[in-house]
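One structure below.
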Amino acid sequence: MTLQTVADMRAFLTLSADLADDQVIELYGAYLAGQAVLPVLSLAAVKKNLRVDTTDDDDLISDLILVAQADVEAYTGLVLTPRTVTETAPQLGRWIDLKSWPVSAVTAVRWTDRGGFVNTIDPSSWTIALARRPVRMIPKAWHWGLASAFPPVVCGVPLPQLPIEIDVEAGYATPADVPANVKQAMHLLVAHFYNNREATEVGARAAAIEIPFGVERLLRKPRLRTI
């Protein structure tokens, strides 16, 4: 989708009204090129939550939004903005479970052999269960279509050299699609980072405890759990 007006770009990216038009155009261009991780929370929304009325800390707050976003993604396995994610798998087994969510497609599966050559697996060799989490890739072809392609054998099955790399199209289509509890957790994290500028604290607040029903509670359901 290509938008024609700055207003449409600003609305699509949920950017604040105080952001300059040239910055909006630059961010939208980066979005189309897949070169930037765009913020899920707008600067205006975060400043309102922080009760900040000045522009003095805009750069700092913008950075903290991306820090909180990356932290939430790492903790939950969610991909909050649409982009291509490259995952690795230790082997080609009966199936491969992906870490990313949500996923719209798997575009490539490849590995590098001992000679340094990059090899790919025919997309017709697998099917994907997109409605479940974790998303599961299931082979349609015998031995993922590699039955006679490689000399290495595991349990009688020829397999490529590891690891396997998988290109995944993942992420919520727009910031509006990101679950509200995930956004609220990000608000809490940004507020924590903004109000605590040092790695350690001494004095009366040194024994502060975590707020009940805080970040971990909000992210308990969205988090991908592994055994």
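Convention: chains lettered A, B, ... in structure tokens order; per-chain residue numbering from 1; ligands numbered from 1 as shown.
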
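Non-sequential neighbours of Thr107 of chain A (distance at most 10 Å, separation of 5 or more positions within a chain, only C-alpha atoms) are Thr84, Pro123, Ile166, Asp167, Val168 and Glu169 of chain A.
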
Please list as a list in words every residue within 6 Å of Val109 of chain A, counting only C-alpha atoms and excluding residues in the same chain fewer than 5 positions away.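 In the requested format, the answer is Thr120, Ile121, Glu165 and Ile166 of chain A.
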
Looking only at the backbone, which of the residues in segment 5-226 of chain A does DSSP tag as alpha helix (DSSP H), as a ChimeraX atom specification? /A:6-12,21-33,43-50,58-76,180-195,215-219

Option closest in space to Ala20 of chain A, from A:Ile128, A:Val182, A:Ile138, A:Val6 [counting only C-alpha atoms]: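 Ranking A:Ile128, A:Val182, A:Ile138, A:Val6 by distance to Ala20 of chain A, first place goes to A:Val6.
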
Find the distance between atom CA of Asn181 of chain A and atom CA of Pro39 of chain A and write it in Å to one decimal.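 Result for atom CA of Asn181 of chain A versus atom CA of Pro39 of chain A: 15.9 Å, one decimal.
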
Determine, counting only C-alpha atoms, which protein, DNA and RNA residues have an atom within 9 Å of an atom of Leu78 of chain A; residues of the same chain fewer than 4 positions away are not included. Present the result as a PyMOL selection string. chain A and resi 72-74+99-102+170-172+222-224

Mind checking which residues fall within 12 Å of Leu19 of chain A, counting only C-alpha atoms, ignoring those fewer than 5 positions away in the same chain, and posting them as a PDB file with N, CA, C and O atoms, in the first residue's frame?
ATOM      1  N   VAL A   6       0.772  13.409   3.158  1.00  0.00           N
ATOM      2  CA  VAL A   6       1.479  13.350   4.435  1.00  0.00           C
ATOM      3  C   VAL A   6       0.498  13.022   5.562  1.00  0.00           C
ATOM      4  O   VAL A   6       0.829  12.283   6.500  1.00  0.00           O
ATOM      5  N   ALA A   7      -0.710  13.555   5.470  1.00  0.00           N
ATOM      6  CA  ALA A   7      -1.718  13.294   6.494  1.00  0.00           C
ATOM      7  C   ALA A   7      -2.046  11.806   6.571  1.00  0.00           C
ATOM      8  O   ALA A   7      -2.173  11.239   7.664  1.00  0.00           O
ATOM      9  N   MET A   9      -0.050   9.362   5.609  1.00  0.00           N
ATOM     10  CA  MET A   9       1.144   8.696   6.140  1.00  0.00           C
ATOM     11  C   MET A   9       1.205   8.830   7.653  1.00  0.00           C
ATOM     12  O   MET A   9       1.504   7.870   8.363  1.00  0.00           O
ATOM     13  N   ARG A  10       0.907  10.031   8.149  1.00  0.00           N
ATOM     14  CA  ARG A  10       0.949  10.292   9.587  1.00  0.00           C
ATOM     15  C   ARG A  10      -0.079   9.427  10.321  1.00  0.00           C
ATOM     16  O   ARG A  10       0.214   8.851  11.369  1.00  0.00           O
ATOM     17  N   ALA A  11      -1.284   9.326   9.752  1.00  0.00           N
ATOM     18  CA  ALA A  11      -2.338   8.525  10.376  1.00  0.00           C
ATOM     19  C   ALA A  11      -1.999   7.044  10.335  1.00  0.00           C
ATOM     20  O   ALA A  11      -2.210   6.313  11.315  1.00  0.00           O
ATOM     21  N   LEU A  13       0.935   5.606  10.273  1.00  0.00           N
ATOM     22  CA  LEU A  13       2.038   5.289  11.175  1.00  0.00           C
ATOM     23  C   LEU A  13       1.762   5.712  12.614  1.00  0.00           C
ATOM     24  O   LEU A  13       2.622   5.518  13.482  1.00  0.00           O
ATOM     25  N   THR A  14       0.575   6.290  12.855  1.00  0.00           N
ATOM     26  CA  THR A  14       0.174   6.816  14.172  1.00  0.00           C
ATOM     27  C   THR A  14       1.245   7.740  14.747  1.00  0.00           C
ATOM     28  O   THR A  14       1.631   7.628  15.908  1.00  0.00           O
ATOM     29  N   VAL A  24       7.964  12.689   8.659  1.00  0.00           N
ATOM     30  CA  VAL A  24       6.893  11.723   8.385  1.00  0.00           C
ATOM     31  C   VAL A  24       7.155  11.019   7.058  1.00  0.00           C
ATOM     32  O   VAL A  24       7.052   9.792   6.948  1.00  0.00           O
ATOM     33  N   ILE A  25       7.514  11.787   6.047  1.00  0.00           N
ATOM     34  CA  ILE A  25       7.796  11.210   4.724  1.00  0.00           C
ATOM     35  C   ILE A  25       8.988  10.268   4.790  1.00  0.00           C
ATOM     36  O   ILE A  25       8.985   9.182   4.195  1.00  0.00           O
ATOM     37  N   GLU A  26      10.011  10.667   5.545  1.00  0.00           N
ATOM     38  CA  GLU A  26      11.206   9.822   5.685  1.00  0.00           C
ATOM     39  C   GLU A  26      10.864   8.495   6.381  1.00  0.00           C
ATOM     40  O   GLU A  26      11.306   7.423   5.950  1.00  0.00           O
ATOM     41  N   LEU A  27      10.066   8.561   7.444  1.00  0.00           N
ATOM     42  CA  LEU A  27       9.677   7.347   8.167  1.00  0.00           C
ATOM     43  C   LEU A  27       8.807   6.446   7.298  1.00  0.00           C
ATOM     44  O   LEU A  27       8.954   5.218   7.322  1.00  0.00           O
ATOM     45  N   SER A  42       2.795   6.211  19.688  1.00  0.00           N
ATOM     46  CA  SER A  42       3.130   7.545  19.198  1.00  0.00           C
ATOM     47  C   SER A  42       3.769   8.360  20.314  1.00  0.00           C
ATOM     48  O   SER A  42       3.514   8.143  21.506  1.00  0.00           O
ATOM     49  N   LEU A  43       4.595   9.318  19.919  1.00  0.00           N
ATOM     50  CA  LEU A  43       5.235  10.186  20.889  1.00  0.00           C
ATOM     51  C   LEU A  43       4.194  10.955  21.694  1.00  0.00           C
ATOM     52  O   LEU A  43       4.328  11.113  22.922  1.00  0.00           O
ATOM     53  N   ALA A  44       3.136  11.405  21.040  1.00  0.00           N
ATOM     54  CA  ALA A  44       2.096  12.173  21.724  1.00  0.00           C
ATOM     55  C   ALA A  44       1.410  11.337  22.793  1.00  0.00           C
ATOM     56  O   ALA A  44       1.147  11.821  23.909  1.00  0.00           O
ATOM     57  N   THR A  55       8.814  19.900  24.943  1.00  0.00           N
ATOM     58  CA  THR A  55       9.465  19.122  23.886  1.00  0.00           C
ATOM     59  C   THR A  55      10.928  18.838  24.202  1.00  0.00           C
ATOM     60  O   THR A  55      11.647  18.273  23.372  1.00  0.00           O
ATOM     61  N   ASP A  58      11.877  15.082  23.920  1.00  0.00           N
ATOM     62  CA  ASP A  58      11.245  14.323  22.830  1.00  0.00           C
ATOM     63  C   ASP A  58      12.181  13.259  22.257  1.00  0.00           C
ATOM     64  O   ASP A  58      11.757  12.125  21.989  1.00  0.00           O
ATOM     65  N   ASP A  59      13.436  13.613  22.055  1.00  0.00           N
ATOM     66  CA  ASP A  59      14.375  12.642  21.488  1.00  0.00           C
ATOM     67  C   ASP A  59      14.586  11.476  22.440  1.00  0.00           C
ATOM     68  O   ASP A  59      14.620  10.310  22.021  1.00  0.00           O
ATOM     69  N   SER A  62      11.433   9.294  22.480  1.00  0.00           N
ATOM     70  CA  SER A  62      11.338   8.526  21.231  1.00  0.00           C
ATOM     71  C   SER A  62      12.267   7.319  21.274  1.00  0.00           C
ATOM     72  O   SER A  62      11.897   6.223  20.830  1.00  0.00           O
TER      73      SER A  62
END

I'd like to know which of A:Ala129, A:Ile65, A:Val85, A:Leu98 is closest to His192 of chain A, using only C-alpha atoms. A:Ile65

Non-local contacts of Asp57 of chain A (12 Å; only C-alpha atoms; under 6 positions in same chain excluded) as a list of chain:residue names: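 Non-adjacent residues within range: A:Leu43, A:Val46, A:Lys47, A:Leu50, A:Asp63, A:Leu64, A:Tyr194, A:Asn195.
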
Coordinates-based distance that separates atom CA of Asp22 of chain A from atom CA of Val67 of chain A (Å, one decimal): 23.7 Å
